[in-house]
Structure formats: structure tokens, C-alpha cells
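> For reference, the file entry_18.txt (compact mmCIF, C-alpha atoms and all ligand atoms) is included below:
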```
# COMPACT_ATOMS: atom_id res chain seq x y z
CA MET S 944 9.63 -3.92 -22.97
CA LEU S 945 8.25 -2.17 -26.03
CA SER S 946 7.92 -4.45 -29.00
CA SER S 947 9.46 -2.92 -32.13
CA THR S 948 6.67 -4.51 -34.21
CA ARG S 949 4.03 -2.76 -32.12
CA TYR S 950 5.52 0.63 -31.53
CA ARG S 951 8.23 2.60 -33.24
CA PRO S 952 9.19 5.92 -31.66
CA TYR S 953 8.17 8.85 -33.78
CA PHE S 954 8.84 12.53 -34.06
CA SER S 955 6.89 15.40 -35.52
CA TYR S 956 6.83 19.14 -34.97
CA LYS S 957 3.46 18.77 -33.24
CA LEU S 958 4.93 16.25 -30.82
CA TRP S 959 7.77 18.71 -30.15
CA ALA S 960 5.21 21.45 -29.48
CA ASP S 961 3.26 19.09 -27.17
CA SER S 962 6.47 18.08 -25.36
CA GLU S 963 8.15 21.43 -24.83
CA PRO S 964 6.51 24.84 -24.58
CA ALA S 965 7.45 27.56 -26.99
CA TYR S 966 9.69 30.28 -25.57
CA GLY S 967 7.68 32.58 -23.29
CA LEU S 968 4.72 30.19 -23.02
CA GLU S 969 6.17 27.91 -20.34
CA SER S 970 3.47 28.60 -17.74
CA PHE S 971 0.71 27.50 -20.16
CA HIS S 972 2.26 24.13 -20.93
CA CYS S 973 0.21 21.09 -19.89
CA GLU S 974 1.77 17.63 -19.99
CA MET S 975 -1.60 15.95 -19.64
CA LYS S 976 -2.66 17.29 -23.01
CA ARG S 977 0.25 15.37 -24.54
CA GLY S 978 -0.92 12.24 -22.72
CA PHE S 979 -4.44 12.49 -24.12
CA ARG S 980 -3.26 13.32 -27.60
CA ARG S 981 -0.33 10.92 -27.88
CA ILE S 982 -1.12 7.97 -25.60
CA ARG S 983 -4.88 7.76 -25.06
CA ASN S 984 -5.74 8.80 -28.61
CA GLN S 985 -7.44 5.50 -29.49
CA GLU S 986 -10.00 5.73 -26.69
CA PRO S 987 -13.31 6.59 -28.39
CA LEU S 988 -14.01 9.76 -26.36
CA VAL S 989 -10.48 11.06 -26.76
CA LYS S 990 -10.37 10.16 -30.44
CA ALA S 991 -13.65 11.96 -31.10
CA LEU S 992 -12.28 15.14 -29.49
CA ILE S 993 -9.01 14.91 -31.44
CA ASP S 994 -10.89 14.33 -34.69
CA THR S 995 -13.13 17.37 -34.19
CA ASP S 996 -11.57 20.18 -36.14
CA SER S 997 -11.78 23.62 -34.59
CA ASN S 998 -12.83 26.56 -36.78
CA ALA S 999 -9.17 27.57 -36.92
CA GLN S 1000 -8.19 24.18 -38.31
CA VAL S 1001 -11.04 24.19 -40.85
CA ILE S 1002 -9.97 27.64 -42.05
CA GLY S 1003 -6.32 26.52 -42.28
CA HIS S 1004 -7.22 23.46 -44.41
CA LEU S 1005 -9.51 25.45 -46.70
CA ALA S 1006 -6.94 28.21 -47.17
CA GLN S 1007 -4.33 25.63 -48.19
CA ARG S 1008 -6.84 23.98 -50.53
CA GLY S 1009 -7.62 27.40 -52.05
CA VAL S 1010 -3.94 28.01 -52.85
CA PHE S 1011 -3.75 24.49 -54.30
CA GLU S 1012 -6.75 25.11 -56.58
CA PHE S 1013 -5.37 28.44 -57.85
CA HIS S 1014 -2.19 26.68 -58.94
CA ALA S 1015 -3.88 23.52 -60.22
CA ASP S 1016 -5.47 25.81 -62.83
CA PRO S 1017 -3.35 29.00 -62.94
CA GLN S 1018 -5.87 30.69 -65.29
CA LEU S 1019 -7.96 31.16 -62.15
CA LEU S 1020 -5.40 33.71 -61.02
CA ASP S 1021 -6.04 35.80 -64.14
CA ARG S 1022 -9.80 35.55 -64.21
CA SER S 1023 -11.76 38.33 -62.50
CA ASP S 1024 -14.15 35.66 -61.18
CA GLY S 1025 -11.27 33.39 -60.02
CA VAL S 1026 -12.10 33.87 -56.34
CA GLU S 1027 -15.76 32.92 -56.85
CA LEU S 1028 -14.76 29.84 -58.85
CA VAL S 1029 -12.37 28.62 -56.15
CA ALA S 1030 -14.96 29.44 -53.46
CA ASP S 1031 -17.39 27.18 -55.38
CA LEU S 1032 -14.81 24.38 -55.56
CA LEU S 1033 -14.38 24.68 -51.79
CA GLN S 1034 -18.18 24.73 -51.34
CA LEU S 1035 -17.86 27.72 -49.04
CA GLN S 1036 -21.55 28.58 -49.35
CA GLN S 1037 -22.35 25.42 -47.36
CA LEU S 1038 -20.18 26.39 -44.41
CA ASP S 1039 -20.63 28.44 -41.28
CA PRO S 1040 -20.84 32.09 -42.53
CA GLU S 1041 -17.96 33.19 -40.30
CA ILE S 1042 -15.67 30.51 -41.77
CA ALA S 1043 -16.86 31.24 -45.30
CA GLU S 1044 -16.19 34.97 -44.84
CA ARG S 1045 -12.65 34.47 -43.54
CA VAL S 1046 -11.75 31.96 -46.24
CA THR S 1047 -13.20 34.22 -48.95
CA LEU S 1048 -11.01 37.05 -47.69
CA ILE S 1049 -7.98 34.73 -47.81
CA LEU S 1050 -8.84 33.76 -51.40
CA GLU S 1051 -9.24 37.43 -52.39
CA ARG S 1052 -5.89 38.31 -50.87
CA TYR S 1053 -4.14 35.40 -52.51
CA HIS S 1054 -5.75 36.19 -55.86
CA ALA S 1055 -4.46 39.77 -55.55
CA GLN S 1056 -1.00 38.67 -54.41
CA PRO S 1057 -0.27 35.09 -55.50
CA ILE S 1058 3.14 34.62 -53.96
CA LEU S 1059 3.77 31.26 -55.66
CA ARG S 1060 3.08 32.57 -59.14
CA GLY S 1061 5.99 31.84 -61.49
CA LYS S 1062 7.70 29.61 -58.93
CA GLN S 1063 9.00 26.17 -59.82
CA ILE S 1064 6.79 24.23 -57.44
CA LEU S 1065 7.88 20.76 -56.34
CA ILE S 1066 5.20 20.10 -53.72
CA LEU S 1067 1.91 21.83 -53.03
CA GLU S 1068 -0.36 20.00 -50.63
CA ARG S 1069 -4.15 20.08 -51.08
CA GLY S 1070 -4.75 20.58 -47.37
CA ASP S 1071 -7.04 17.58 -46.96
CA GLU S 1072 -4.50 14.76 -46.89
CA LYS S 1073 -5.13 11.86 -44.56
CA LEU S 1074 -2.42 10.20 -42.50
CA PRO S 1075 0.97 11.36 -43.77
CA LYS S 1076 3.74 8.87 -44.54
CA PRO S 1077 6.76 9.15 -42.27
CA LEU S 1078 10.42 9.11 -43.21
CA LEU S 1079 12.20 6.25 -41.52
CA LEU S 1080 15.29 7.87 -39.99
CA LYS S 1081 18.01 6.79 -37.60
CA LEU S 1082 18.30 9.32 -34.80
CA GLN S 1083 21.10 8.68 -32.33
CA ARG S 1084 21.27 5.09 -33.64
CA LYS S 1085 17.54 4.45 -33.09
CA GLN S 1086 14.94 4.01 -35.83
CA VAL S 1087 12.32 6.74 -35.69
CA ASN S 1088 9.28 7.50 -37.84
CA PHE S 1089 9.83 11.12 -38.73
CA PHE S 1090 6.79 13.13 -39.83
CA ALA S 1091 7.38 16.38 -41.71
CA VAL S 1092 4.51 17.17 -44.06
CA MET S 1093 5.41 20.28 -46.01
CA ASP S 1094 2.67 22.58 -47.32
CA CYS S 1095 4.76 23.76 -50.21
CA VAL S 1096 8.26 23.28 -51.62
CA TYR S 1097 9.63 25.25 -54.54
CA ILE S 1098 12.98 25.93 -56.17
CA GLU S 1099 14.47 29.42 -56.04
CA PRO S 1100 16.07 30.74 -59.26
CA ASP S 1101 19.55 30.00 -57.80
CA GLY S 1102 18.59 26.35 -57.17
CA THR S 1103 17.91 26.69 -53.42
CA ILE S 1104 15.04 24.50 -52.20
CA HIS S 1105 12.55 26.67 -50.34
CA ILE S 1106 10.09 25.06 -47.91
CA LEU S 1107 7.13 27.33 -47.31
CA ASP S 1108 4.60 26.80 -44.55
CA PHE S 1109 1.25 28.56 -44.81
CA LYS S 1110 -0.42 29.95 -41.73
CA THR S 1111 -3.76 31.54 -40.96
CA GLY S 1112 -5.04 33.27 -37.82
CA LYS S 1113 -3.00 35.15 -35.28
CA SER S 1114 -0.62 32.51 -33.93
CA LYS S 1115 3.06 33.37 -34.03
CA PHE S 1116 5.43 31.59 -36.38
CA ASP S 1117 7.08 28.79 -34.39
CA GLU S 1118 10.52 28.32 -35.91
CA ARG S 1119 10.72 24.80 -34.46
CA GLN S 1120 8.43 23.75 -37.30
CA ALA S 1121 10.88 25.17 -39.83
CA TYR S 1122 13.76 23.34 -38.14
CA THR S 1123 11.80 20.09 -38.34
CA TYR S 1124 11.40 20.60 -42.10
CA LEU S 1125 15.03 21.56 -42.58
CA PHE S 1126 16.10 18.43 -40.73
CA ALA S 1127 13.91 16.26 -42.97
CA ALA S 1128 15.14 18.11 -46.06
CA GLN S 1129 18.71 16.90 -45.62
CA HIS S 1130 17.33 13.39 -46.25
CA LEU S 1131 14.80 14.38 -48.93
CA TYR S 1132 17.11 16.72 -50.86
CA PRO S 1133 20.62 15.56 -49.93
CA GLY S 1134 23.45 17.92 -50.79
CA GLN S 1135 21.13 20.74 -51.87
CA PRO S 1136 20.88 24.14 -50.22
CA VAL S 1137 17.56 24.40 -48.36
CA VAL S 1138 15.79 27.23 -46.54
CA ALA S 1139 12.37 27.47 -44.89
CA SER S 1140 9.93 30.26 -44.15
CA PHE S 1141 6.34 30.96 -43.15
CA TYR S 1142 3.66 33.02 -44.86
CA ASN S 1143 0.40 34.01 -43.21
CA LEU S 1144 -2.33 33.91 -45.85
CA GLU S 1145 -4.61 36.15 -43.79
CA SER S 1146 -2.25 38.90 -42.66
CA GLN S 1147 0.04 38.43 -45.71
CA LYS S 1148 3.02 38.59 -43.36
CA ARG S 1149 6.20 36.66 -44.11
CA SER S 1150 8.68 35.30 -41.61
CA ARG S 1151 12.42 35.60 -41.94
CA VAL S 1152 14.12 32.98 -44.09
CA ILE S 1153 15.43 30.23 -41.80
CA ARG S 1154 18.58 28.19 -42.44
CA THR S 1155 20.47 25.55 -40.49
CA SER S 1156 24.15 24.72 -40.14
CA PRO S 1157 25.59 21.20 -39.84
CA VAL S 1158 26.21 21.84 -36.13
CA GLN S 1159 22.58 22.88 -35.61
CA LEU S 1160 21.40 19.77 -37.43
CA GLN S 1161 23.47 17.61 -35.07
CA ARG S 1162 21.93 19.37 -32.08
CA LEU S 1163 18.46 18.93 -33.53
CA GLU S 1164 19.04 15.21 -33.94
CA ILE S 1165 19.78 14.93 -30.20
CA ILE S 1166 16.63 16.90 -29.31
CA PHE S 1167 14.40 14.91 -31.68
CA ALA S 1168 15.75 11.54 -30.47
CA LYS S 1169 15.15 12.57 -26.85
CA ILE S 1170 11.55 13.65 -27.50
CA ALA S 1171 10.74 10.48 -29.45
CA GLN S 1172 12.34 8.32 -26.76
CA GLN S 1173 10.57 10.14 -23.95
CA LEU S 1174 7.18 9.45 -25.50
CA ALA S 1175 8.10 5.78 -26.03
CA GLU S 1176 9.02 5.52 -22.34
CA ASN S 1177 5.84 7.33 -21.26
CA SER S 1178 3.83 4.97 -23.43
CA ASN S 1179 5.49 1.95 -21.87
CA HIS S 1180 4.99 3.31 -18.37
CA HIS S 1181 1.31 4.02 -19.05
CA ARG S 1182 0.73 0.59 -20.55
CA ASN S 1183 2.11 -1.01 -17.39
CA ASN S 1184 0.23 1.31 -15.07
CA PRO S 1185 -2.73 3.13 -16.67
CA ALA S 1186 -3.90 4.43 -13.28
CA ALA S 1187 -0.77 6.57 -13.12
CA PHE S 1188 -1.84 8.69 -16.10
CA ASN S 1189 -1.95 11.90 -14.05
CA LEU S 1190 1.52 11.19 -12.64
CA ILE S 1191 3.11 10.41 -15.99
CA PHE S 1192 1.42 13.37 -17.64
CA GLN S 1193 0.94 16.00 -14.97
CA PRO S 1194 -1.98 18.39 -15.45
CA ASN S 1195 -1.45 22.13 -15.47
CA PRO S 1196 -4.94 23.63 -15.43
CA GLY S 1197 -5.43 27.31 -16.16
CA ILE S 1198 -6.40 29.64 -18.94
CA GLN S 1199 -4.85 27.12 -21.35
CA CYS S 1200 -7.81 24.78 -20.73
CA GLN S 1201 -9.80 27.22 -22.88
CA HIS S 1202 -7.70 26.29 -25.88
CA CYS S 1203 -7.45 22.57 -25.13
CA PRO S 1204 -9.64 19.91 -26.79
CA PHE S 1205 -10.02 17.87 -23.59
CA PRO S 1206 -11.80 19.82 -20.77
CA SER S 1207 -14.91 17.63 -21.16
CA ILE S 1208 -12.94 14.51 -20.18
CA CYS S 1209 -10.21 16.03 -18.02
CA ASP S 1210 -10.69 15.83 -14.23
CA TYR S 1211 -8.43 18.83 -13.72
CA ALA S 1212 -9.89 21.22 -16.29
CA GLU S 1213 -10.62 24.80 -15.41
CA HIS S 1214 -13.83 25.58 -17.18
CA HIS S 1215 -14.35 28.88 -18.91
CA ASP S 1216 -17.07 30.19 -21.18
CA ASN S 1217 -16.66 29.66 -24.92
CA THR S 1218 -14.43 26.64 -24.48
CA HIS S 1219 -13.62 25.19 -27.84
CA PRO S 1220 -11.18 22.66 -29.21
CA GLU S 1221 -7.99 23.76 -30.86
CA ASP S 1222 -5.18 22.17 -32.76
S1 LIG H 1 -8.19 20.61 -19.82
FE1 LIG H 1 -6.53 21.83 -18.88
S2 LIG H 1 -5.59 20.47 -17.37
FE2 LIG H 1 -6.83 19.19 -18.74
S3 LIG H 1 -5.41 18.49 -20.34
FE3 LIG H 1 -6.36 20.36 -21.09
S4 LIG H 1 -4.97 22.04 -20.49
FE4 LIG H 1 -4.45 20.23 -19.28
```
In C-alpha cells, how does this file's structure come out?

Amino acid sequence: MLSSTRYRPYFSYKLWADSEPAYGLESFHCEMKRGFRRIRNQEPLVKALIDTDSNAQVIGHLAQRGVFEFHADPQLLDRSDGVELVADLLQLQQLDPEIAERVTLILERYHAQPILRGKQILILERGDEKLPKPLLLKLQRKQVNFFAVMDCVYIEPDGTIHILDFKTGKSKFDERQAYTYLFAAQHLYPGQPVVASFYNLESQKRSRVIRTSPVQLQRLEIIFAKIAQQLAENSNHHRNNPAAFNLIFQPNPGIQCQHCPFPSICDYAEHHDNTHPED
């Protein structure tokens, strides 16, 4: 049996993404990746691979930090040298030139079109936070640590709470992330109207504005409880029988190994050139 003092089931958008493929990406889904990331994550080799940020992750963190710095001192948005000053704060000149170039472009675009300007901002993350604090929620009568770290929350002029998630790169907006935030928001901002959306700081594209109904929130609770419980059961199973790792978390090698952090330790990996870790 799992001891409640040792392990409390948890839920996060990333666990959802590791547990169920996004629509249309079913054939690329690998359960074993979830096993490495969620169960074997304290093994030194696995931990080192998880802790190694890919270029995409580094760019995402720096872009968020750039937005944070612009709003920590809003005069930077008015100054013609604002981009250079923020680039200095981010120490871009010390980074890989390709990363520095992409982040500089992001800063220039944000400086030209600062979408948070004039907004009543409640939360704006720096982008370099350590382990986030979970909400302790009861899902389907079970206590669950619920992680929902929001990049930015602001209040619309009509009082609606708007949760905004920043993106970089070419990945599609995954609305499951917005639903995770909207679910958390009913506990963080009870009784208040809440919406969520995405904004890509590189392409300057916005998503649609996403809302939830009470019925959707009930359905989400069932999904979240199931995913948290499934991982708890997998964890228990693996603890009792570590040799069954590949049966509990079945591998699905293929092109997806190229975008997986674990080919160097995975017996089933398909190796390709230019393999690199990803989120
Ligand atoms: S390397 Fe391939 S098979 Fe192994 S965990 Fe990653 S995606 Fe799955």
C-alpha cells in the first residue's frame, strides 16, 4: 500500500501531457517516457537528463524573464535602448549566439508590442522559479497536489480574471494547459469570472480565449483524478516490481525518440542524428 506520508497523488498539465497524447499525436505517444520522468526521476542518470534544459526551454525561460523585466521597470518599454538594457539583465551576450539571437528578437517584438502594458497585473512570473507550490485539492474525494503555475494573470476592465500563458517556438497551443489553469482558478479566485489564453512571444500569435462551464469543470475533475490515481498505482506497481518497468510503461520507439530526453538510457530508443533533449 502507498503511504500517504510518503506519496500524495499529484496532477499537473505536464503529467496530463505525459499520460495522454494530444489529439492527432497518438502514434507518437510513449508511455516509457512518463515512467522515466515521473517514477525514475530520482535516479542520478535520469535526473541529470531531466535537469538538462533544451535550447527551447532556455529560450522559453529567458523570454518570460524578459517580459518580467520590462514590467518590473515599465520605463524600459519607453526607452529606445530598453531592449539592450533587458538583454544585459538577462546576460544574453554570455549565451550561445543562436539562443541570444532568438531571445533578442523576442525582446524587440515585445518592446514594439507590449501586450501587458496598461493591464492590471496580479501575477507575472520571472521564469526562473524553482519547485512550484501545489494547491491541495480534493478530487473525487481524494487529496491531490495540484500544480498549476501561471505565467501571468491580469484583470480585464470588466473584472474578468485573465490567465495568460506565454509560448515560444513552433509548438501548437495545447488547450489542456488552459483547462488545468481554469480548474485551479475556481479555487484561487472563487466566484469570479475567469478566462485563459495563450500568446506566442516569437510569432506574436494569440490563441482563442478559453472558458469553462460548471459541467466541463466536473468532467475535468474526473479526468484529473484518474490521471493522478493512475500514476500512484504505476508508482506502487513499480516499487513492488522494478524489473517490470517496461511492462508498466511500455516503450513506443520511433521518430519521437528524437525529441525525448532519454535515448541515452533507454534500451528501446531509435537513434537519429541531432538527438537532443526536450521538455
Ligand atoms: S527514447 Fe524513445 S522509446 Fe525510449 S522513452 Fe524516449 S520516446 Fe520512448
> Please, which residues have at least one atom within 10 Å of an atom of ligand LIG 1 (chain H), using only C-alpha atoms and all ligand atoms, listed as a PyMOL selection string?
chain S and resi 971-980+1189+1192-1214+1218+1220
> Residues at most 10 Å from S:Ala1168, counting all atoms listed in the file, excluding those fewer than 6 positions away in the same chain, as an NGL selection string?
:S and (952-954 or 1081-1087)
> Write a file of the selected residues as a PDB file, keeping the file's coordinate frame, keeping C-alpha atoms.

```
ATOM      1  CA  PRO S 952       9.190   5.920 -31.660  1.00  0.00           C
ATOM      2  CA  TYR S 953       8.170   8.850 -33.780  1.00  0.00           C
ATOM      3  CA  PHE S 954       8.840  12.530 -34.060  1.00  0.00           C
ATOM      4  CA  LYS S1081      18.010   6.790 -37.600  1.00  0.00           C
ATOM      5  CA  LEU S1082      18.300   9.320 -34.800  1.00  0.00           C
ATOM      6  CA  GLN S1083      21.100   8.680 -32.330  1.00  0.00           C
ATOM      7  CA  ARG S1084      21.270   5.090 -33.640  1.00  0.00           C
ATOM      8  CA  LYS S1085      17.540   4.450 -33.090  1.00  0.00           C
ATOM      9  CA  GLN S1086      14.940   4.010 -35.830  1.00  0.00           C
ATOM     10  CA  VAL S1087      12.320   6.740 -35.690  1.00  0.00           C
TER      11      VAL S1087
END
```
> So, counting only C-alpha atoms, which residue among S:Lys1110, S:Lys1169, S:His1130, S:Lys957 is closest to S:Ile1049?
S:Lys1110
> If the box runs along x, y and z of the file and leaves 5 Å on each side of stretch 996-1005 of chain S, what are its centre and edge lengths in Å, one decimal, as JSON?

```
{"center_x": -9.6, "center_y": 23.9, "center_z": -40.6, "size_x": 16.5, "size_y": 17.5, "size_z": 22.1}
```
> With distances taken over all atoms listed in the file, which of S:Asn984, S:Asn1183, S:Gln1135, S:Ser962 is nearest to S:Asp1101?
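Result for the nearest residue to S:Asp1101: S:Gln1135.
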> Counting all atoms listed in the file, what is within 12 Å of S:Leu1131, bar same-chain residues fewer than 2 positions away, as a VMD selection string?
chain S and resid 1065 1077 to 1080 1089 1091 to 1093 1096 1104 1106 1124 to 1129 1133 to 1137
> Which one is closest to S:Pro1057: S:Phe1090, S:Phe1167, S:Tyr1122, S:Tyr1142? Count all atoms listed in the file.
S:Tyr1142
> Atom CA of S:Gln1056 and atom CA of S:Gln1018 are how many Å apart?
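It comes out at 14.3 Å.
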> By how many Å are atom CA of S:Asp1108 and atom CA of S:Tyr950 apart?
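Those two atoms sit 29.2 Å apart.
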> Figure out the distance between atom CA of S:Ser955 and atom CA of S:Asn1088, please, to one decimal in Å.
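Spanning atom CA of S:Asn1088 to atom CA of S:Ser955 is a straight-line distance of 8.6 Å.
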> Find the residue from S:Thr1155, S:Thr995, S:Thr1047, S:Gln1120 that sits nearest to S:Val1138; use all atoms listed in the file when measuring.
S:Thr1155
> Closest to S:Leu968 among S:Lys1073, S:Asp1117, S:Arg1154, S:Ile1098, using all atoms listed in the file?
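Of S:Lys1073, S:Asp1117, S:Arg1154, S:Ile1098, the one nearest S:Leu968, counting all atoms listed in the file, is S:Asp1117.
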> Excluding S:Lys1115 and its own-chain neighbours fewer than 3 positions away, which residues fall within 12 Å of it when counting only C-alpha atoms? Please give them as a PyMOL selection string.
chain S and resi 965-968+1109-1112+1118-1120+1141-1143+1146+1148-1150
> Give as a list in words the set of residues within 12 Å of the point (-11.4, 15.2, -34.8), where distances use the file's coordinates and all atoms listed in the file.
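Those within range, by chain then number, are Arg980, Asn984, Gln985, Pro987, Leu988, Val989, Lys990, Ala991, Leu992, Ile993, Asp994, Thr995, Asp996, Ser997, Asn998, Gln1000, Val1001, Pro1204, Phe1205, Pro1220, Glu1221 and Asp1222 of chain S.
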> With distances taken over all atoms listed in the file, which residue among S:Arg1060, S:Arg1045, S:Arg1052, S:Arg1162 lies nearest S:Ile1002?
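Of S:Arg1060, S:Arg1045, S:Arg1052, S:Arg1162, the one nearest S:Ile1002, counting all atoms listed in the file, is S:Arg1045.
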